[in-house]
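Asks: As input, take run-v7.cif (mmCIF, C-alpha atoms):
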data_query
#
loop_
_atom_site.label_atom_id
_atom_site.label_comp_id
_atom_site.auth_asym_id
_atom_site.auth_seq_id
_atom_site.Cartn_x
_atom_site.Cartn_y
_atom_site.Cartn_z
CA MET V 200 2.85 14.87 34.73
CA LEU V 201 2.96 14.06 31.00
CA PRO V 202 6.41 14.55 29.49
CA TYR V 203 5.49 12.84 26.23
CA PRO V 204 1.86 13.59 25.40
CA LEU V 205 1.92 11.98 21.96
CA LEU V 206 3.46 8.77 23.31
CA SER V 207 0.96 8.59 26.16
CA ALA V 208 -2.00 9.17 23.86
CA SER V 209 -0.89 6.43 21.45
CA LEU V 210 -0.27 4.04 24.36
CA VAL V 211 -3.82 4.62 25.63
CA LEU V 212 -5.19 4.07 22.11
CA MET V 213 -3.19 0.85 21.75
CA TRP V 214 -4.38 -0.39 25.15
CA LEU V 215 -8.00 0.28 24.20
CA ALA V 216 -7.64 -1.39 20.80
CA LEU V 217 -6.22 -4.52 22.42
CA ASN V 218 -8.55 -4.77 25.41
CA GLY V 219 -11.83 -3.26 24.23
CA PHE V 220 -13.29 0.22 24.52
CA THR V 221 -14.67 0.32 28.09
CA ILE V 222 -14.33 2.96 30.80
CA GLY V 223 -12.43 0.60 33.12
CA GLN V 224 -9.86 -0.27 30.45
CA PHE V 225 -9.56 3.44 29.66
CA ILE V 226 -8.58 4.25 33.26
CA LEU V 227 -6.16 1.31 33.40
CA GLY V 228 -4.66 2.34 30.07
CA CYS V 229 -4.18 5.92 31.30
CA ILE V 230 -2.30 4.66 34.38
CA VAL V 231 -0.04 2.48 32.22
CA ALA V 232 0.56 5.31 29.76
CA VAL V 233 1.54 7.81 32.49
CA LEU V 234 3.90 5.31 34.13
CA ALA V 235 5.46 4.43 30.77
CA SER V 236 5.99 8.06 29.84
CA TRP V 237 7.71 8.67 33.20
CA GLY V 238 10.01 5.75 32.46
CA MET V 239 10.65 7.19 29.02
CA ALA V 240 11.47 10.60 30.53
CA SER V 241 14.10 9.10 32.80
CA LEU V 242 15.64 7.33 29.81
CA ARG V 243 15.94 10.19 27.35
CA PRO V 244 15.44 13.82 28.29
CA ALA V 245 15.76 15.30 24.79
CA LYS V 246 12.42 15.07 23.09
CA PRO V 247 11.66 15.59 19.41
CA ARG V 248 9.83 18.75 18.45
CA LEU V 249 7.16 18.79 15.81
CA ASN V 250 6.82 22.21 14.26
CA LYS V 251 4.10 21.58 11.75
CA TRP V 252 2.38 18.42 12.91
CA TYR V 253 -0.54 19.06 10.55
CA LEU V 254 1.72 18.10 7.64
CA LEU V 255 2.10 14.54 9.02
CA PRO V 256 -1.06 13.17 7.30
CA LYS V 257 0.28 14.53 4.00
CA LEU V 258 3.56 12.65 4.58
CA VAL V 259 1.71 9.44 5.45
CA GLY V 260 -0.43 9.75 2.33
CA ILE V 261 2.56 10.34 0.06
CA VAL V 262 4.45 7.41 1.59
CA LEU V 263 1.51 4.99 1.32
CA TYR V 264 0.98 5.96 -2.31
CA ASP V 265 4.70 5.59 -3.13
CA ILE V 266 4.87 2.21 -1.40
CA LEU V 267 1.90 1.04 -3.48
CA ARG V 268 3.52 2.28 -6.69
CA SER V 269 6.90 0.74 -5.98
CA ASN V 270 5.22 -2.52 -4.92
CA ILE V 271 3.85 -2.78 -8.44
CA ALA V 272 7.19 -1.79 -9.98
CA VAL V 273 9.23 -4.28 -7.92
CA ALA V 274 6.67 -7.06 -8.43
CA SER V 275 6.86 -6.62 -12.19
CA ILE V 276 10.68 -6.68 -12.06
CA LEU V 277 10.64 -9.87 -9.99
CA LEU V 278 8.05 -11.58 -12.19
CA THR V 279 9.16 -10.63 -15.69
CA GLY V 280 12.89 -10.43 -15.27
CA GLY V 281 15.36 -13.13 -14.84
CA LYS V 282 18.65 -12.05 -13.43
CA ARG V 283 19.60 -9.48 -16.02
CA SER V 284 16.43 -7.42 -16.45
CA HIS V 285 17.45 -4.78 -13.96
CA LYS V 286 20.60 -3.07 -12.87
CA SER V 287 20.97 -2.61 -9.16
CA GLY V 288 23.62 -0.68 -7.34
CA PHE V 289 24.77 1.45 -4.47
CA MET V 290 24.52 5.23 -4.47
CA THR V 291 25.08 8.03 -1.99
CA VAL V 292 22.68 10.86 -1.37
CA PRO V 293 23.75 14.09 0.35
CA LEU V 294 21.25 15.17 3.00
CA ASP V 295 20.50 18.51 4.61
CA LEU V 296 18.47 17.02 7.45
CA GLU V 297 20.14 17.07 10.86
CA ASN V 298 17.36 16.30 13.30
CA PRO V 299 17.83 12.67 14.50
CA THR V 300 14.09 11.99 14.60
CA ALA V 301 13.64 13.27 11.07
CA LEU V 302 16.54 11.11 9.91
CA ALA V 303 14.99 8.09 11.59
CA VAL V 304 11.67 8.77 9.86
CA LEU V 305 13.43 9.17 6.53
CA ALA V 306 15.29 5.89 7.06
CA VAL V 307 12.05 4.06 7.84
CA VAL V 308 10.38 5.56 4.76
CA VAL V 309 13.24 4.70 2.41
CA THR V 310 13.65 1.16 3.71
CA SER V 311 9.97 0.24 3.87
CA THR V 312 9.53 1.30 0.25
CA PRO V 313 10.33 -1.76 -1.87
CA GLY V 314 13.20 -1.13 -4.23
CA THR V 315 15.26 1.14 -1.99
CA ALA V 316 17.13 0.24 1.18
CA TRP V 317 18.88 2.63 3.57
CA LEU V 318 22.24 1.19 4.48
CA GLU V 319 24.43 3.64 6.31
CA TYR V 320 24.34 7.28 7.38
CA ASN V 321 27.59 9.15 7.66
CA SER V 322 27.22 12.01 10.11
CA LEU V 323 30.60 13.55 9.22
CA ASN V 324 29.85 14.54 5.64
CA ARG V 325 26.09 14.02 5.99
CA THR V 326 25.59 11.53 3.22
CA VAL V 327 23.64 8.32 3.24
CA LEU V 328 24.46 5.13 1.38
CA ILE V 329 21.41 3.50 -0.15
CA HIS V 330 20.97 0.46 -2.35
CA VAL V 331 18.51 0.66 -5.24
CA LEU V 332 17.10 -2.38 -7.01
CA ASP V 333 16.29 -0.63 -10.30
CA LEU V 334 19.05 1.92 -10.68
CA VAL V 335 18.42 3.43 -14.10
CA ASP V 336 19.19 7.04 -13.32
CA GLU V 337 20.97 7.97 -10.09
CA GLU V 338 20.03 11.61 -10.37
CA GLU V 339 16.34 10.74 -10.56
CA TRP V 340 16.44 8.87 -7.25
CA ARG V 341 18.44 11.66 -5.63
CA VAL V 342 15.88 14.25 -6.73
CA LEU V 343 13.03 12.00 -5.61
CA ILE V 344 14.38 11.56 -2.09
CA LYS V 345 15.37 15.19 -1.68
CA THR V 346 12.24 16.86 -3.03
CA ARG V 347 9.56 14.35 -2.14
CA TYR V 348 10.55 13.33 1.39
CA GLU V 349 13.36 15.47 2.70
CA ALA V 350 11.76 18.84 1.99
CA LEU V 351 8.57 17.79 3.75
CA LEU V 352 10.47 16.33 6.72
CA MET V 353 12.49 19.53 7.09
CA GLU V 354 9.27 21.50 7.16
CA ILE V 355 7.81 19.22 9.83
CA PHE V 356 10.81 18.85 12.13
CA GLU V 357 13.03 21.89 11.67
CA MET H 128 -14.25 -27.27 -0.74
CA SER H 129 -15.94 -26.44 2.51
CA THR H 130 -17.54 -23.04 2.77
CA ILE H 131 -16.88 -20.86 5.77
CA GLU H 132 -19.82 -21.63 8.02
CA HIS H 133 -19.53 -18.76 10.50
CA ALA H 134 -19.67 -16.24 7.62
CA GLY H 135 -23.34 -16.96 7.02
CA ASP H 136 -24.68 -13.43 7.19
CA LEU H 137 -21.76 -11.70 5.52
CA PRO H 138 -23.06 -9.49 2.68
CA ALA H 139 -21.79 -10.14 -0.81
CA TRP H 140 -19.81 -6.91 -1.19
CA ALA H 141 -17.88 -7.61 2.04
CA ALA H 142 -17.13 -11.18 0.97
CA LEU H 143 -15.80 -9.93 -2.37
CA ALA H 144 -13.71 -7.17 -0.72
CA VAL H 145 -12.22 -9.63 1.78
CA SER H 146 -11.39 -12.06 -1.03
CA PHE H 147 -9.79 -9.33 -3.11
CA PHE H 148 -7.55 -8.05 -0.30
CA LEU H 149 -6.62 -11.59 0.80
CA VAL H 150 -5.50 -12.65 -2.67
CA ILE H 151 -3.65 -9.36 -3.28
CA GLY H 152 -1.86 -9.55 0.05
CA ALA H 153 -0.90 -13.20 -0.17
CA GLY H 154 0.06 -12.80 -3.84
CA LEU H 155 2.40 -9.89 -3.13
CA THR H 156 4.00 -11.86 -0.29
CA LEU H 157 4.50 -14.84 -2.59
CA ILE H 158 6.00 -12.66 -5.36
CA GLY H 159 8.36 -11.17 -2.78
CA THR H 160 9.59 -14.59 -1.66
CA ILE H 161 9.92 -15.78 -5.27
CA GLY H 162 12.19 -12.81 -5.89
CA PHE H 163 13.95 -13.60 -2.63
CA THR H 164 14.93 -17.03 -3.91
CA ARG H 165 15.80 -15.86 -7.43
CA LEU H 166 17.84 -12.67 -6.98
CA PRO H 167 21.58 -13.22 -7.18
CA THR H 168 23.16 -11.02 -4.47
CA PHE H 169 22.32 -10.30 -0.84
CA TYR H 170 21.84 -6.57 -1.38
CA GLU H 171 19.27 -7.24 -4.09
CA ARG H 172 17.57 -9.89 -1.99
CA ILE H 173 17.05 -7.43 0.83
CA HIS H 174 14.45 -5.60 -1.29
CA ALA H 175 12.29 -8.65 -1.90
CA PRO H 176 10.72 -9.27 1.55
CA THR H 177 9.56 -5.64 1.78
CA LEU H 178 6.80 -6.55 -0.68
CA GLY H 179 5.36 -8.90 1.92
CA THR H 180 5.86 -6.53 4.81
CA SER H 181 4.35 -3.46 3.14
CA TRP H 182 1.25 -4.12 1.08
CA GLY H 183 1.29 -7.89 1.63
CA THR H 184 0.68 -7.32 5.33
CA GLY H 185 -1.52 -4.32 4.48
CA GLY H 186 -3.82 -6.39 2.29
CA ILE H 187 -4.30 -9.18 4.80
CA VAL H 188 -4.76 -6.74 7.69
CA MET H 189 -7.36 -4.88 5.61
CA ALA H 190 -9.18 -8.15 4.77
CA SER H 191 -9.24 -9.19 8.42
CA MET H 192 -10.50 -5.77 9.51
CA ILE H 193 -13.34 -5.76 6.96
CA PHE H 194 -14.29 -9.35 7.80
CA PHE H 195 -14.52 -8.96 11.57
CA THR H 196 -16.02 -5.44 11.43
CA VAL H 197 -18.88 -6.45 9.12
CA LEU H 198 -19.43 -9.80 10.82
CA SER H 199 -19.68 -8.51 14.38
CA THR H 200 -21.23 -5.14 13.34
CA ARG H 201 -18.78 -3.17 15.43
CA LEU H 202 -15.51 -1.53 14.56
CA VAL H 203 -12.62 -3.99 14.94
CA VAL H 204 -9.34 -2.15 14.66
CA HIS H 205 -6.84 -4.22 16.59
CA GLU H 206 -5.45 -5.71 13.36
CA ILE H 207 -4.13 -2.28 12.51
CA LEU H 208 -1.70 -2.71 15.43
CA ILE H 209 -0.03 -5.55 13.52
CA GLY H 210 0.18 -3.31 10.45
CA ILE H 211 1.80 -0.47 12.39
CA PHE H 212 4.09 -2.89 14.22
CA VAL H 213 5.34 -4.53 11.03
CA THR H 214 5.77 -1.16 9.27
CA VAL H 215 7.91 0.16 12.12
CA THR H 216 9.98 -2.94 12.85
CA THR H 217 10.83 -4.22 9.36
CA PRO H 218 13.00 -1.24 8.36
CA VAL H 219 14.89 -1.57 11.65
CA THR H 220 15.71 -5.23 11.08
CA LEU H 221 16.56 -4.69 7.41
CA MET H 222 18.86 -1.77 8.20
CA LEU H 223 20.63 -3.71 10.93
CA LEU H 224 21.05 -6.74 8.69
CA ALA H 225 22.30 -4.63 5.78
CA ARG H 226 24.82 -2.91 8.02
CA ALA H 227 25.98 -6.26 9.38
CA ALA H 228 26.38 -7.56 5.83
CA LEU H 229 28.31 -4.44 4.79
CA HIS H 230 30.56 -4.81 7.81
CA ARG H 231 31.25 -8.47 7.06
CA ASP H 232 31.86 -7.81 3.36
CA ARG H 233 34.26 -4.98 4.14
CA ALA H 234 36.11 -7.05 6.70
CA GLU H 235 36.65 -9.64 3.98
CA GLY H 236 37.67 -7.04 1.44
CA ASN H 237 34.86 -7.79 -0.99
CA PRO H 238 35.41 -5.41 -3.93
CA GLU H 239 31.72 -5.11 -4.86
CA VAL H 240 30.90 -3.18 -1.70
CA PRO H 241 31.60 0.57 -1.45
CA ALA H 242 34.38 1.44 0.97
CA GLU H 243 33.62 2.86 4.35
CA ALA H 244 33.56 6.65 4.56
CA PRO H 245 35.55 8.26 7.38
CA VAL H 246 33.71 8.26 10.68
CA GLU H 247 33.72 11.04 13.23
CA PRO H 248 36.17 10.32 16.06
CA ALA H 249 33.54 11.11 18.70
CA GLY H 250 30.91 9.03 16.95
CA GLU H 251 30.21 5.39 17.46
CA ALA H 252 33.29 3.20 17.37
CA GLU H 253 33.63 1.31 14.13
CA GLN H 254 36.30 -1.07 13.09
CA PRO H 255 38.43 0.52 10.37
CA ALA H 256 37.76 -0.61 6.83
CA PRO H 257 40.44 -2.69 5.19
CA ALA H 258 42.63 -0.76 2.79
CA GLU H 259 41.63 -1.33 -0.79
CA MET J 31 -21.87 -17.38 -4.81
CA SER J 32 -19.88 -14.73 -3.01
CA HIS J 33 -19.33 -17.15 -0.14
CA MET J 34 -17.87 -19.68 -2.54
CA ILE J 35 -15.47 -16.99 -3.76
CA LEU J 36 -14.55 -16.13 -0.18
CA ALA J 37 -13.89 -19.76 0.73
CA TRP J 38 -11.81 -20.27 -2.39
CA SER J 39 -9.76 -17.12 -1.90
CA VAL J 40 -9.05 -17.98 1.74
CA THR J 41 -7.76 -21.37 0.57
CA ILE J 42 -5.73 -19.80 -2.24
CA ALA J 43 -4.23 -17.25 0.16
CA GLN J 44 -3.26 -20.03 2.56
CA ILE J 45 -1.63 -22.02 -0.24
CA MET J 46 0.27 -18.97 -1.49
CA LEU J 47 1.52 -18.11 2.00
CA ALA J 48 2.55 -21.71 2.65
CA LEU J 49 4.42 -21.70 -0.66
CA ALA J 50 6.10 -18.43 0.34
CA MET J 51 7.19 -20.03 3.62
CA ALA J 52 8.57 -23.01 1.72
CA LEU J 53 10.56 -20.71 -0.58
CA ALA J 54 11.93 -18.80 2.42
CA ALA J 55 12.89 -22.11 4.02
CA ILE J 56 14.71 -23.11 0.81
CA ARG J 57 16.65 -19.85 0.89
CA MET J 58 17.43 -20.42 4.56
CA SER J 59 18.87 -23.86 3.88
CA ARG J 60 20.76 -22.71 0.76
CA GLY J 61 22.33 -19.64 2.29
CA PRO J 62 24.95 -18.93 0.98
CA ARG J 63 25.94 -16.64 3.85
CA ALA J 64 24.76 -16.07 7.40
CA GLN J 65 23.00 -12.81 6.58
CA ASP J 66 20.93 -14.56 3.89
CA ARG J 67 19.83 -17.13 6.44
CA VAL J 68 18.86 -14.47 8.98
CA LEU J 69 16.89 -12.55 6.35
CA ALA J 70 15.16 -15.78 5.36
CA LEU J 71 14.29 -16.44 8.99
CA ASP J 72 12.78 -12.96 9.26
CA THR J 73 10.74 -13.55 6.10
CA LEU J 74 9.60 -16.87 7.53
CA TYR J 75 8.40 -15.14 10.69
CA VAL J 76 6.45 -12.50 8.74
CA ASN J 77 4.87 -15.11 6.47
CA SER J 78 3.79 -17.31 9.36
CA MET J 79 2.31 -14.23 11.03
CA LEU J 80 0.25 -13.52 7.90
CA LEU J 81 -0.75 -17.19 7.63
CA LEU J 82 -2.09 -17.11 11.18
CA MET J 83 -4.16 -14.02 10.35
CA VAL J 84 -5.69 -15.88 7.40
CA PHE J 85 -6.40 -18.79 9.78
CA GLY J 86 -8.21 -16.26 11.96
CA ILE J 87 -10.47 -15.32 9.04
CA ARG J 88 -11.08 -18.97 8.21
CA THR J 89 -12.10 -19.97 11.74
CA GLY J 90 -13.53 -16.64 12.92
CA LYS J 91 -11.56 -16.79 16.17
CA VAL J 92 -9.74 -13.76 17.56
CA ILE J 93 -7.14 -15.89 19.35
CA TYR J 94 -5.19 -16.28 16.10
CA PHE J 95 -4.69 -12.51 16.00
CA GLU J 96 -2.96 -12.60 19.37
CA ALA J 97 -0.78 -15.50 18.29
CA SER J 98 0.31 -13.60 15.19
CA LEU J 99 1.09 -10.50 17.26
CA VAL J 100 3.32 -12.62 19.53
CA ILE J 101 5.05 -14.20 16.51
CA GLY J 102 5.67 -10.75 15.03
CA MET J 103 7.28 -9.48 18.24
CA LEU J 104 9.40 -12.61 18.69
CA GLY J 105 10.54 -12.38 15.08
CA PHE J 106 11.59 -8.77 15.48
CA VAL J 107 13.59 -9.38 18.64
CA ALA J 108 15.20 -12.53 17.23
CA THR J 109 16.25 -10.85 13.99
CA VAL J 110 17.66 -7.81 15.76
CA ALA J 111 19.67 -10.02 18.11
CA LEU J 112 21.00 -12.12 15.22
CA ALA J 113 21.92 -9.02 13.19
CA LYS J 114 23.73 -7.60 16.19
CA PHE J 115 25.55 -10.89 16.58
CA LEU J 116 26.60 -10.85 12.91
CA MET J 117 27.93 -7.32 13.25
CA ARG J 118 29.77 -7.55 16.57
CA GLY J 119 30.22 -11.22 17.31
CA GLU J 120 28.26 -10.97 20.55
CA VAL J 121 24.79 -9.83 21.54
CA VAL J 122 25.29 -8.15 24.92
CA GLU J 123 28.45 -6.11 25.24
#
Give the structure from the file, written as structure tokens.
Replies:
Amino acid sequence: MLPYPLLSASLVLMWLALNGFTIGQFILGCIVAVLASWGMASLRPAKPRLNKWYLLPKLVGIVLYDILRSNIAVASILLTGGKRSHKSGFMTVPLDLENPTALAVLAVVVTSTPGTAWLEYNSLNRTVLIHVLDLVDEEEWRVLIKTRYEALLMEIFE
Amino acid sequence: MSTIEHAGDLPAWAALAVSFFLVIGAGLTLIGTIGFTRLPTFYERIHAPTLGTSWGTGGIVMASMIFFTVLSTRLVVHEILIGIFVTVTTPVTLMLLARAALHRDRAEGNPEVPAEAPVEPAGEAEQPAPAE
Amino acid sequence: MSHMILAWSVTIAQIMLALAMALAAIRMSRGPRAQDRVLALDTLYVNSMLLLMVFGIRTGKVIYFEASLVIGMLGFVATVALAKFLMRGEVVE
């Protein structure tokens, strides 16, 4: 009946937020959500497993805080500096994550944080190429990504 | 300067909060685009619009939510859909664009771009990197 | 007093967003390469989406929210298609 409960629940919530919280819209939204999750099931049978879903709010909080902090950092670089106030560059980070969903979440986190951009994941030697706007210390960024995000994602997804 | 006539019964704290978030959001977006025009290379420029799509969008979404919630005295949350939508889609477009730029730079043999690492044979088909 | 501040900050936000759109348009016309232009187009889409939301606050109409949602979706699809085109040379393989 419901192959993807999380997807269906968020579809119903989205439907209600767009159309107003009434009982009729709720029923209509439920029908749409069930149909959509059937369509999803026929597209992709392998579904992601969340082991410790209660850690997700912690991840969201950490990410929102980091995005706020790096917004301030990047804004000050852009405002104060001309062209030579920062040193940007490419760097590779070795990853222990293997779960595709966890990798996708990590990519979204890294890219939506101003100052770092996820460029390319190499599944053969499990490294990712990222570009950093303010590359003072490579090791610092590596430690940040591995301890702050990757450890938490491994706990949630693996 | 015309005042906003439909905001007649908006309490002062809400008006101040909406103003604060509006100016913060629009200011961050503007700073992002200023950096976007000033930074010298494409890979640096790709960081600049994320200011507008993270807390720039967040600030304006927050202002709109406070404004309509206080004004109509019911919870208005549909703006948060835009926030979620932008947060999810921007990294996808930026990653795709960055990969396209890397691919084009490698195909031209641009020496400032790191060379392509070997790709699994069973993985997605990639054009081989030019020898450097 | 607080309503004056609100009216002023809505105007300032609109001016800043319009300026941001102008800067993105400058980058789009200057290039120098195709990926810069596509990134500028994406920034232009996001900025116009935000500008429409500020218009919604100014006029108090919910219709602007729906317009900005549509612009956001169109911008996403357009940028993905253009990035795919830059990478492969065609959109549908």
Asks: Write out as a VMD selection string every residue belonging to chain J that has an atom at most 8 Å from any atom of chain H, counting all atoms listed in the file.
Replies: chain J and resid 32 to 40 42 to 44 46 to 47 49 to 51 53 to 54 56 to 57 65 to 66 69 73 76 to 77 80 83 to 84 86 to 90 95 99 102 106 109 to 110 113 to 114 116 to 117
Asks: Could you list the residues chosen by the PyMOL selection byres ((chain V and resi 307-320) around 8) in this structure as an mmCIF file with C-alpha atoms, in the frame of the given file?
Replies:
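And here is the file that came out, expr-v4.cif:
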data_model
loop_
_atom_site.group_PDB
_atom_site.id
_atom_site.type_symbol
_atom_site.label_atom_id
_atom_site.label_comp_id
_atom_site.auth_asym_id
_atom_site.auth_seq_id
_atom_site.Cartn_x
_atom_site.Cartn_y
_atom_site.Cartn_z
ATOM 1 C CA VAL V 262 4.450 7.410 1.590
ATOM 2 C CA ASP V 265 4.700 5.590 -3.130
ATOM 3 C CA ILE V 266 4.870 2.210 -1.400
ATOM 4 C CA SER V 269 6.900 0.740 -5.980
ATOM 5 C CA ASN V 270 5.220 -2.520 -4.920
ATOM 6 C CA VAL V 273 9.230 -4.280 -7.920
ATOM 7 C CA ALA V 303 14.990 8.090 11.590
ATOM 8 C CA VAL V 304 11.670 8.770 9.860
ATOM 9 C CA LEU V 305 13.430 9.170 6.530
ATOM 10 C CA ALA V 306 15.290 5.890 7.060
ATOM 11 C CA ASN V 321 27.590 9.150 7.660
ATOM 12 C CA SER V 322 27.220 12.010 10.110
ATOM 13 C CA ARG V 325 26.090 14.020 5.990
ATOM 14 C CA THR V 326 25.590 11.530 3.220
ATOM 15 C CA VAL V 327 23.640 8.320 3.240
ATOM 16 C CA LEU V 328 24.460 5.130 1.380
ATOM 17 C CA ILE V 329 21.410 3.500 -0.150
ATOM 18 C CA HIS V 330 20.970 0.460 -2.350
ATOM 19 C CA VAL V 331 18.510 0.660 -5.240
ATOM 20 C CA LEU V 332 17.100 -2.380 -7.010
ATOM 21 C CA ASP V 333 16.290 -0.630 -10.300
ATOM 22 C CA ILE H 173 17.050 -7.430 0.830
ATOM 23 C CA HIS H 174 14.450 -5.600 -1.290
ATOM 24 C CA ALA H 175 12.290 -8.650 -1.900
ATOM 25 C CA THR H 177 9.560 -5.640 1.780
ATOM 26 C CA LEU H 178 6.800 -6.550 -0.680
ATOM 27 C CA THR H 180 5.860 -6.530 4.810
ATOM 28 C CA SER H 181 4.350 -3.460 3.140
ATOM 29 C CA THR H 214 5.770 -1.160 9.270
ATOM 30 C CA VAL H 215 7.910 0.160 12.120
ATOM 31 C CA THR H 217 10.830 -4.220 9.360
ATOM 32 C CA PRO H 218 13.000 -1.240 8.360
ATOM 33 C CA VAL H 219 14.890 -1.570 11.650
ATOM 34 C CA LEU H 221 16.560 -4.690 7.410
ATOM 35 C CA MET H 222 18.860 -1.770 8.200
ATOM 36 C CA ALA H 225 22.300 -4.630 5.780
ATOM 37 C CA ARG H 226 24.820 -2.910 8.020
#
Asks: Taking only C-alpha atoms into account, which of V:Asn218, V:Asn298, V:Ser236, V:Asn250 comes nearest chain H?
Replies: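 For chain H, the nearest of the given residues is V:Asn218.
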Asks: Could you tell me how far CA of Ile355 (chain V) sits from CA of Lys257 (chain V), in Å to one decimal place?
Replies: 10.6 Å
Asks: What does the distance between CA of Ser98 (chain J) and CA of Arg201 (chain H) come to in Å, to one decimal place?
Replies: 21.8 Å
Asks: CA of Gly228 (chain V) and CA of Trp214 (chain V) are how many Å apart?
Replies: 5.6 Å
Asks: Of the candidates J:Ala111, J:Ala48, J:Met58, J:Ala70, which shows the shortest atom-to-atom distance to Leu82 (chain J), using all atoms listed in the file?
Replies: J:Ala48
Asks: For the provided coordinates, the residues matched by the PyMOL selection byres ((chain V and resi 209) around 12) should be stated as JSON, numbers by chain.
Replies: {"V": [203, 204, 205, 206, 207, 208, 210, 211, 212, 213, 214, 215, 216, 228, 229, 231, 232, 233, 235, 236], "H": [208, 211]}
Asks: Neighbours of region 335-340 of chain V within 10 Å (all atoms listed in the file; same-chain residues fewer than 5 positions away dropped), as a ChimeraX atom specification?
Replies: /V:285-292,315,345-346
Asks: Using C-alpha atoms, can you write the selected residues to a file as a compact mmCIF listing (two decimals), keeping the file's coordinate frame?
Replies:
# COMPACT_ATOMS: atom_id res chain seq x y z
CA HIS V 285 17.45 -4.78 -13.96
CA LYS V 286 20.60 -3.07 -12.87
CA SER V 287 20.97 -2.61 -9.16
CA GLY V 288 23.62 -0.68 -7.34
CA PHE V 289 24.77 1.45 -4.47
CA MET V 290 24.52 5.23 -4.47
CA THR V 291 25.08 8.03 -1.99
CA VAL V 292 22.68 10.86 -1.37
CA THR V 315 15.26 1.14 -1.99
CA LYS V 345 15.37 15.19 -1.68
CA THR V 346 12.24 16.86 -3.03
Asks: I need the output of the PyMOL selection byres ((chain V and resi 353) around 9) for this file as a ChimeraX atom specification; which residues are they?
Replies: /V:295-298,301,348-352,354-357
Asks: Using all atoms listed in the file, pick whichever of V:Ala272, V:Leu227, V:Ile344, V:Leu294 has the shortest atom-to-atom distance to chain H.
Replies: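 With all atoms listed in the file as the atom set, the closest residue is V:Ala272.
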Asks: For a quick check of understanding, using only C-alpha atoms, which of J:Val107, J:Leu81, J:Val92, J:Val100 has the smallest distance to Thr41 (chain J)?
Replies: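 Under the stated criterion, the closest residue is J:Leu81.
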